Structures are given as C-alpha cells and as structure tokens.
Amino acid sequence: MAWIRAAALVAASVVAVAAHAQWPSPPEIAARNYLLLDVTANQVLAAKDIDAPVEQASLTKLMTAYIVFDALRARKITLEQTLPVSERAWKMPGSRMFIDPKMQVPVDDLLRGVIVQSGNDATVALAEGVGGSVEHFVQLMNNQAKALGMNNTQYMNPEGLTTPGHLTTARDLATLATSLMREFPEYMHYYSTKEYRYPGTPAANSSNRNLLLFRDPTVDGLKTGYTEAAGYCLVSTAQREVPNMGNRRLLSIVLGAASENARANESQKLLNWGYTAFDSVKLFDAGQPMETPQLWKGAQDTAKIGSHSAVYLTLPAGMAGQVRTVIERADPLMAPLQLDQSVGMLKVSVGDQLLKEVPVVALETVEEAGFFGRMWDSMRLWIK
C-alpha cells in the first residue's frame, strides 16, 4: 500500500475550492459534519461545520496510535515487546479486544486490537505501556495535538469514551489523519487490515468496522468511531491512479451519521464525487525550477527557485486550461542565497479566484561575487 508524503494540511489559511462560483456543489451528505480533502493537492473540496466542536468517540485512537508509532520510531518500545494487561485495561467497557490480566500481549497485536477491533482494553494497555500511566499518556496526546496545530482538540482519555471536554473538530481530525499518513507510512498497513483476532478471543469480534475496506479496493484506512453522543463517524482515505499524474489521495471525514451503514455510504459518496467531479494536474515536479531569475552580486548570474515538493492542483473537470500561475518575489534578487531560503510565493488562480499559495525557495546555494563583481552589479543596479 503506497502512502503519499504530503505537506501538513487543512490549516486555516488553506483556500477551500468550494468557494469558487464555478465549483460543483457536493452531494447531499447525511451527517452533522463532513470534510473532503484532496491530500495530494492540499485542497478542501467540500466542507460542513468543520470547526464545530464534536465528540471524538474512537477516532481518538488515531492520536493514540500516533503516540505509539512515535515511541516505536524512537525505539522506546518494539513491536515484539510484550505488555501486561492491567485490571483497568481488562475492565474497560465498550469495544474490546478481549484480553485479560493473565496475558502478556505483543505491541504488534495490541496495535491491531486498537486499529482493527477498536479495543478499549488494548488502548489502555498500550497507554500504560508507553506512558507509564493512562494519565501521563493523555498528556502526551494533548502535547502532540498542540504541536500539530490542532487548536480545537482536547483529549481526556486515550480510547474515546464520552467524557466532558473530550472534543475535536473535523478540521483537526484532518490535520491528525494527514500527519499520521505522512509521518508513519511504515505503519499504515494496520489501517487496511480487514480481519484480526488475537488467539483465544472471540472469532465474532474479528472484522474491521470500516465497511469501505470491503467495498472499495482503493480505500486503505483509516478509523471508525461511535458513541451515542457522537453518532456514527468515519475517517476514510482512498488512493486512485490518475492518468498523467500518478496516485491521487483523498481523505473523507463524516461525523454524526445515523448508522454504521450510513457512515460508509456517505463517505463513499464523498470520495466518489471527489474523484469524478474534479481533475488533478501536476504543475511542477519536486525540485523543478519554477523560474531562473537574474541574481545580482552573486558568483553566478541566475538562481534556480521552486519547491522541494511537487505542486498539484485540483479543479473541476475541464478547467485545467484556465489555470494561471504567478510568482511574487522581491526584485532585484540579491546574493548570497542559501539553499531553502524563502524568496517568494507561487500564486495559482483560475480567473480572479486564488486557489493555492505555495512558498518558493532557493533550490541552490549561491555565494556572493568577489569585490569587483559586487561593485559592477552595484553600478548596473544604480543605472537601472
């Protein structure tokens, strides 16, 4: 399963393309809140109440997994390491992996219990194993939320059971989901696992609750959630191959649907609409010079500027010929110039509608010219 390594998404400054007058209206979605994000192009395609506070339910476990993946990468724990099952974990209500205090369970299996079975018992076992206590683990979750810019999220527990103050937003969930995919591609196979059961536990508890994994072969994650207060929720993602571009990833967030089947149907509706109503184009390859402007007082006369990430644009089908790109930068451009130094902003528009802004940086280091070279350019600039 291939996961793209995209920039962090869904900041407040991202231009929602749905604001354009010519943009197609999204389908009717039977959910309290929803968001459709083109991860590849970093564009919001459809949104409803994405900054409204909502109960998190088991979508909480996206952050739980993030903290565990981070601990694995830092080698604080290993996948093969076994963790005990405390009385607290064993007695957790709600969705369960059905582990008990007689067991020592590998981290790998606990992750599957959290992600595939949405087990609250497995979640608490991991939280205690990684954080030392559930309370300290929750502190780690909140610290990471702040670091990711999830400004409207607060965690009160690692599993998602209804607790006062345990809230998030659709926008923050999109930030978390895209960060999870970008930073931990080596662990994303857990989210596409359809069936899992730990030896000795009930076979009837083995199916992943994300019904889209069984319906759409392009869907490869991520997480379901349900409580009476939250309703039925699903953060789903799909990746489909697009001609002349490669793989294109979309992320759908549907919150507060009426049933397990409804959250899957509404998510599928959003994903299909995103792929059929819009086209994606690659404007620039990663590292491709967008311009080679004149450089003054430098050891060379020009400098390559662009972005280290590929620049994609998503827009309604048939509108690709209307795209206009402009780089706004300081002129004259002066040496010395350091690699990755900010030099301007790429602005991408259709008509008078600004769709995307991408920072433009120096793609190379250019030292200053010698004394006489600098003096000569000073004279030329004065005459200019």
# chains A, B, ... in the order shown; residues from 1 in each chain; ligands from 1
$ select_by_dssp --residues "region 133-285 of chain A" --states "strand (DSSP E or B)" --output "ChimeraX atom specification"
/A:154,167-168,195,207,219-227,231-242,246-257,278-284
$ write_last_selection --atoms "C-alpha atoms" --output "mmCIF file, in the first residue's frame"
data_model
loop_
_atom_site.group_PDB
_atom_site.id
_atom_site.type_symbol
_atom_site.label_atom_id
_atom_site.label_comp_id
_atom_site.auth_asym_id
_atom_site.auth_seq_id
_atom_site.Cartn_x
_atom_site.Cartn_y
_atom_site.Cartn_z
ATOM 1 C CA GLN A 154 -8.639 18.246 23.860
ATOM 2 C CA LEU A 167 -13.690 17.211 21.939
ATOM 3 C CA THR A 168 -12.248 17.819 18.481
ATOM 4 C CA GLU A 195 -9.672 -9.164 9.798
ATOM 5 C CA SER A 207 -13.853 -7.761 11.404
ATOM 6 C CA VAL A 219 -9.793 2.543 0.315
ATOM 7 C CA ASP A 220 -6.928 1.747 2.688
ATOM 8 C CA GLY A 221 -7.949 3.342 6.017
ATOM 9 C CA LEU A 222 -8.465 4.822 8.490
ATOM 10 C CA LYS A 223 -10.768 4.666 11.562
ATOM 11 C CA THR A 224 -14.353 4.364 12.706
ATOM 12 C CA GLY A 225 -15.948 5.764 15.836
ATOM 13 C CA TYR A 226 -19.259 5.554 17.646
ATOM 14 C CA THR A 227 -20.843 6.710 20.869
ATOM 15 C CA GLY A 231 -23.158 9.234 16.379
ATOM 16 C CA TYR A 232 -21.502 7.078 13.724
ATOM 17 C CA CYS A 233 -18.212 8.535 12.467
ATOM 18 C CA LEU A 234 -15.655 7.535 9.859
ATOM 19 C CA VAL A 235 -12.316 8.946 8.759
ATOM 20 C CA SER A 236 -11.633 7.207 5.456
ATOM 21 C CA THR A 237 -8.982 7.595 2.788
ATOM 22 C CA ALA A 238 -8.571 6.259 -0.729
ATOM 23 C CA GLN A 239 -5.852 6.357 -3.334
ATOM 24 C CA ARG A 240 -6.604 6.024 -7.040
ATOM 25 C CA GLU A 241 -4.336 6.258 -10.058
ATOM 26 C CA VAL A 242 -4.948 9.287 -12.257
ATOM 27 C CA GLY A 246 0.101 9.143 -10.756
ATOM 28 C CA ASN A 247 -1.646 8.387 -7.487
ATOM 29 C CA ARG A 248 -4.153 10.827 -6.035
ATOM 30 C CA ARG A 249 -5.216 10.540 -2.398
ATOM 31 C CA LEU A 250 -8.461 11.834 -0.919
ATOM 32 C CA LEU A 251 -9.498 11.971 2.735
ATOM 33 C CA SER A 252 -13.138 11.927 3.812
ATOM 34 C CA ILE A 253 -14.364 12.766 7.311
ATOM 35 C CA VAL A 254 -18.002 12.029 8.110
ATOM 36 C CA LEU A 255 -19.237 12.731 11.636
ATOM 37 C CA GLY A 256 -22.594 12.121 13.267
ATOM 38 C CA ALA A 257 -24.162 9.764 10.722
ATOM 39 C CA PHE A 278 -12.588 17.104 -10.197
ATOM 40 C CA ASP A 279 -9.374 16.717 -12.140
ATOM 41 C CA SER A 280 -5.902 16.965 -10.662
ATOM 42 C CA VAL A 281 -2.881 18.285 -12.528
ATOM 43 C CA LYS A 282 0.762 18.448 -11.605
ATOM 44 C CA LEU A 283 2.024 21.996 -12.064
ATOM 45 C CA PHE A 284 5.644 21.408 -11.056
#
$ select_by_dssp --residues "region 175-305 of chain A" --states "helix (DSSP H, G or I)" --output "number ranges by chain"
A: 175-183, 185-192, 203-205, 212-215, 260-277
$ atom_distance --atom1 "CA of Val124 (chain A)" --atom2 "CA of Ala89 (chain A)"
5.2 Å
$ residues_around --residues "Leu173 (chain A)" --least-positions-apart "6" --cutoff "12 Å" --atoms "only C-alpha atoms" --output "VMD selection string"
chain A and resid 9 to 11 33 to 37 50 to 63 145 148 to 154 167 179 to 180 222 to 223 233 to 236 251 to 255
$ closest_residue --among "A:Thr123, A:Ile67, A:Arg73, A:Ala303" --to "Glu186 (chain A)" --atoms "only C-alpha atoms"
A:Arg73
$ atom_distance --atom1 "CA of Leu140 (chain A)" --atom2 "CA of Ala177 (chain A)"
17.1 Å
$ closest_residue --among "A:Met92, A:Pro217, A:Val130, A:Arg209" --to "Glu159 (chain A)" --atoms "only C-alpha atoms"
A:Met92
$ closest_residue --among "A:Asn265, A:Ser118, A:Asn205, A:Asn42" --to "Ala174 (chain A)" --atoms "only C-alpha atoms"
A:Asn42
$ atom_distance --atom1 "CA of Tyr275 (chain A)" --atom2 "CA of Tyr312 (chain A)"
14.6 Å
$ decode --residues "region 213-226 of chain A" --atoms "all heavy atoms" --output "PDB file, in the first residue's frame"
ATOM      1  N   LEU A 213     -13.489  -0.807   3.490  1.00  0.00           N
ATOM      2  CA  LEU A 213     -12.374  -1.706   3.175  1.00  0.00           C
ATOM      3  C   LEU A 213     -12.859  -2.941   2.417  1.00  0.00           C
ATOM      4  O   LEU A 213     -12.110  -3.538   1.641  1.00  0.00           O
ATOM      5  CB  LEU A 213     -11.656  -2.139   4.448  1.00  0.00           C
ATOM      6  CG  LEU A 213     -10.887  -1.057   5.215  1.00  0.00           C
ATOM      7  CD1 LEU A 213     -10.342  -1.629   6.521  1.00  0.00           C
ATOM      8  CD2 LEU A 213      -9.753  -0.491   4.368  1.00  0.00           C
ATOM      9  N   PHE A 214     -14.113  -3.314   2.637  1.00  0.00           N
ATOM     10  CA  PHE A 214     -14.678  -4.500   1.993  1.00  0.00           C
ATOM     11  C   PHE A 214     -15.416  -4.142   0.706  1.00  0.00           C
ATOM     12  O   PHE A 214     -15.753  -5.034  -0.075  1.00  0.00           O
ATOM     13  CB  PHE A 214     -15.644  -5.197   2.960  1.00  0.00           C
ATOM     14  CG  PHE A 214     -15.009  -5.619   4.259  1.00  0.00           C
ATOM     15  CD1 PHE A 214     -14.972  -4.761   5.342  1.00  0.00           C
ATOM     16  CD2 PHE A 214     -14.427  -6.873   4.390  1.00  0.00           C
ATOM     17  CE1 PHE A 214     -14.385  -5.143   6.537  1.00  0.00           C
ATOM     18  CE2 PHE A 214     -13.838  -7.264   5.583  1.00  0.00           C
ATOM     19  CZ  PHE A 214     -13.806  -6.394   6.663  1.00  0.00           C
ATOM     20  N   ARG A 215     -15.676  -2.861   0.479  1.00  0.00           N
ATOM     21  CA  ARG A 215     -16.472  -2.443  -0.675  1.00  0.00           C
ATOM     22  C   ARG A 215     -15.652  -1.795  -1.782  1.00  0.00           C
ATOM     23  O   ARG A 215     -16.018  -1.883  -2.958  1.00  0.00           O
ATOM     24  CB  ARG A 215     -17.538  -1.445  -0.229  1.00  0.00           C
ATOM     25  CG  ARG A 215     -18.531  -1.974   0.784  1.00  0.00           C
ATOM     26  CD  ARG A 215     -19.511  -0.872   1.172  1.00  0.00           C
ATOM     27  NE  ARG A 215     -20.484  -1.318   2.160  1.00  0.00           N
ATOM     28  CZ  ARG A 215     -21.420  -0.531   2.674  1.00  0.00           C
ATOM     29  NH1 ARG A 215     -21.513   0.740   2.277  1.00  0.00           N
ATOM     30  NH2 ARG A 215     -22.275  -1.004   3.576  1.00  0.00           N
ATOM     31  N   ASP A 216     -14.591  -1.092  -1.407  1.00  0.00           N
ATOM     32  CA  ASP A 216     -13.839  -0.276  -2.362  1.00  0.00           C
ATOM     33  C   ASP A 216     -12.359  -0.627  -2.252  1.00  0.00           C
ATOM     34  O   ASP A 216     -11.727  -0.319  -1.244  1.00  0.00           O
ATOM     35  CB  ASP A 216     -14.056   1.209  -2.054  1.00  0.00           C
ATOM     36  CG  ASP A 216     -13.388   2.130  -3.060  1.00  0.00           C
ATOM     37  OD1 ASP A 216     -12.485   1.680  -3.785  1.00  0.00           O
ATOM     38  OD2 ASP A 216     -13.747   3.324  -3.106  1.00  0.00           O
ATOM     39  N   PRO A 217     -11.787  -1.275  -3.255  1.00  0.00           N
ATOM     40  CA  PRO A 217     -10.382  -1.697  -3.165  1.00  0.00           C
ATOM     41  C   PRO A 217      -9.398  -0.536  -3.111  1.00  0.00           C
ATOM     42  O   PRO A 217      -8.225  -0.744  -2.778  1.00  0.00           O
ATOM     43  CB  PRO A 217     -10.178  -2.525  -4.438  1.00  0.00           C
ATOM     44  CG  PRO A 217     -11.238  -2.051  -5.379  1.00  0.00           C
ATOM     45  CD  PRO A 217     -12.410  -1.671  -4.526  1.00  0.00           C
ATOM     46  N   THR A 218      -9.831   0.681  -3.420  1.00  0.00           N
ATOM     47  CA  THR A 218      -8.917   1.828  -3.341  1.00  0.00           C
ATOM     48  C   THR A 218      -8.870   2.439  -1.945  1.00  0.00           C
ATOM     49  O   THR A 218      -8.030   3.290  -1.674  1.00  0.00           O
ATOM     50  CB  THR A 218      -9.306   2.921  -4.354  1.00  0.00           C
ATOM     51  OG1 THR A 218     -10.544   3.541  -3.964  1.00  0.00           O
ATOM     52  CG2 THR A 218      -9.445   2.347  -5.747  1.00  0.00           C
ATOM     53  N   VAL A 219      -9.774   2.033  -1.065  1.00  0.00           N
ATOM     54  CA  VAL A 219      -9.793   2.543   0.315  1.00  0.00           C
ATOM     55  C   VAL A 219      -8.796   1.745   1.147  1.00  0.00           C
ATOM     56  O   VAL A 219      -8.805   0.512   1.133  1.00  0.00           O
ATOM     57  CB  VAL A 219     -11.208   2.451   0.917  1.00  0.00           C
ATOM     58  CG1 VAL A 219     -11.183   2.747   2.414  1.00  0.00           C
ATOM     59  CG2 VAL A 219     -12.145   3.426   0.207  1.00  0.00           C
ATOM     60  N   ASP A 220      -7.937   2.438   1.877  1.00  0.00           N
ATOM     61  CA  ASP A 220      -6.928   1.747   2.688  1.00  0.00           C
ATOM     62  C   ASP A 220      -6.837   2.302   4.112  1.00  0.00           C
ATOM     63  O   ASP A 220      -5.807   2.226   4.753  1.00  0.00           O
ATOM     64  CB  ASP A 220      -5.554   1.780   2.002  1.00  0.00           C
ATOM     65  CG  ASP A 220      -5.154   3.165   1.526  1.00  0.00           C
ATOM     66  OD1 ASP A 220      -5.829   4.147   1.895  1.00  0.00           O
ATOM     67  OD2 ASP A 220      -4.156   3.275   0.783  1.00  0.00           O
ATOM     68  N   GLY A 221      -7.898   2.863   4.637  1.00  0.00           N
ATOM     69  CA  GLY A 221      -7.949   3.342   6.017  1.00  0.00           C
ATOM     70  C   GLY A 221      -9.144   4.251   6.181  1.00  0.00           C
ATOM     71  O   GLY A 221      -9.901   4.467   5.244  1.00  0.00           O
ATOM     72  N   LEU A 222      -9.358   4.824   7.356  1.00  0.00           N
ATOM     73  CA  LEU A 222      -8.465   4.822   8.490  1.00  0.00           C
ATOM     74  C   LEU A 222      -9.174   4.312   9.764  1.00  0.00           C
ATOM     75  O   LEU A 222      -8.762   3.352  10.343  1.00  0.00           O
ATOM     76  CB  LEU A 222      -7.926   6.233   8.775  1.00  0.00           C
ATOM     77  CG  LEU A 222      -6.790   6.717   7.883  1.00  0.00           C
ATOM     78  CD1 LEU A 222      -6.617   8.216   7.970  1.00  0.00           C
ATOM     79  CD2 LEU A 222      -5.488   6.039   8.267  1.00  0.00           C
ATOM     80  N   LYS A 223     -10.233   5.022  10.241  1.00  0.00           N
ATOM     81  CA  LYS A 223     -10.768   4.666  11.562  1.00  0.00           C
ATOM     82  C   LYS A 223     -12.241   5.016  11.682  1.00  0.00           C
ATOM     83  O   LYS A 223     -12.690   6.052  11.195  1.00  0.00           O
ATOM     84  CB  LYS A 223      -9.976   5.399  12.651  1.00  0.00           C
ATOM     85  CG  LYS A 223     -10.286   4.930  14.070  1.00  0.00           C
ATOM     86  CD  LYS A 223      -9.741   3.539  14.309  1.00  0.00           C
ATOM     87  CE  LYS A 223     -10.216   2.963  15.646  1.00  0.00           C
ATOM     88  NZ  LYS A 223     -11.643   2.523  15.604  1.00  0.00           N
ATOM     89  N   THR A 224     -12.954   4.128  12.383  1.00  0.00           N
ATOM     90  CA  THR A 224     -14.353   4.364  12.706  1.00  0.00           C
ATOM     91  C   THR A 224     -14.484   4.847  14.146  1.00  0.00           C
ATOM     92  O   THR A 224     -13.559   4.711  14.954  1.00  0.00           O
ATOM     93  CB  THR A 224     -15.177   3.075  12.559  1.00  0.00           C
ATOM     94  OG1 THR A 224     -14.658   2.098  13.477  1.00  0.00           O
ATOM     95  CG2 THR A 224     -15.102   2.532  11.152  1.00  0.00           C
ATOM     96  N   GLY A 225     -15.656   5.378  14.466  1.00  0.00           N
ATOM     97  CA  GLY A 225     -15.948   5.764  15.836  1.00  0.00           C
ATOM     98  C   GLY A 225     -17.441   5.786  16.059  1.00  0.00           C
ATOM     99  O   GLY A 225     -18.216   6.090  15.150  1.00  0.00           O
ATOM    100  N   TYR A 226     -17.852   5.451  17.290  1.00  0.00           N
ATOM    101  CA  TYR A 226     -19.259   5.554  17.646  1.00  0.00           C
ATOM    102  C   TYR A 226     -19.425   5.688  19.152  1.00  0.00           C
ATOM    103  O   TYR A 226     -18.830   4.936  19.925  1.00  0.00           O
ATOM    104  CB  TYR A 226     -20.066   4.328  17.196  1.00  0.00           C
ATOM    105  CG  TYR A 226     -21.457   4.336  17.800  1.00  0.00           C
ATOM    106  CD1 TYR A 226     -22.440   5.194  17.291  1.00  0.00           C
ATOM    107  CD2 TYR A 226     -21.763   3.553  18.915  1.00  0.00           C
ATOM    108  CE1 TYR A 226     -23.704   5.246  17.879  1.00  0.00           C
ATOM    109  CE2 TYR A 226     -23.022   3.598  19.502  1.00  0.00           C
ATOM    110  CZ  TYR A 226     -23.986   4.446  18.980  1.00  0.00           C
ATOM    111  OH  TYR A 226     -25.222   4.517  19.575  1.00  0.00           O
TER     112      TYR A 226
END
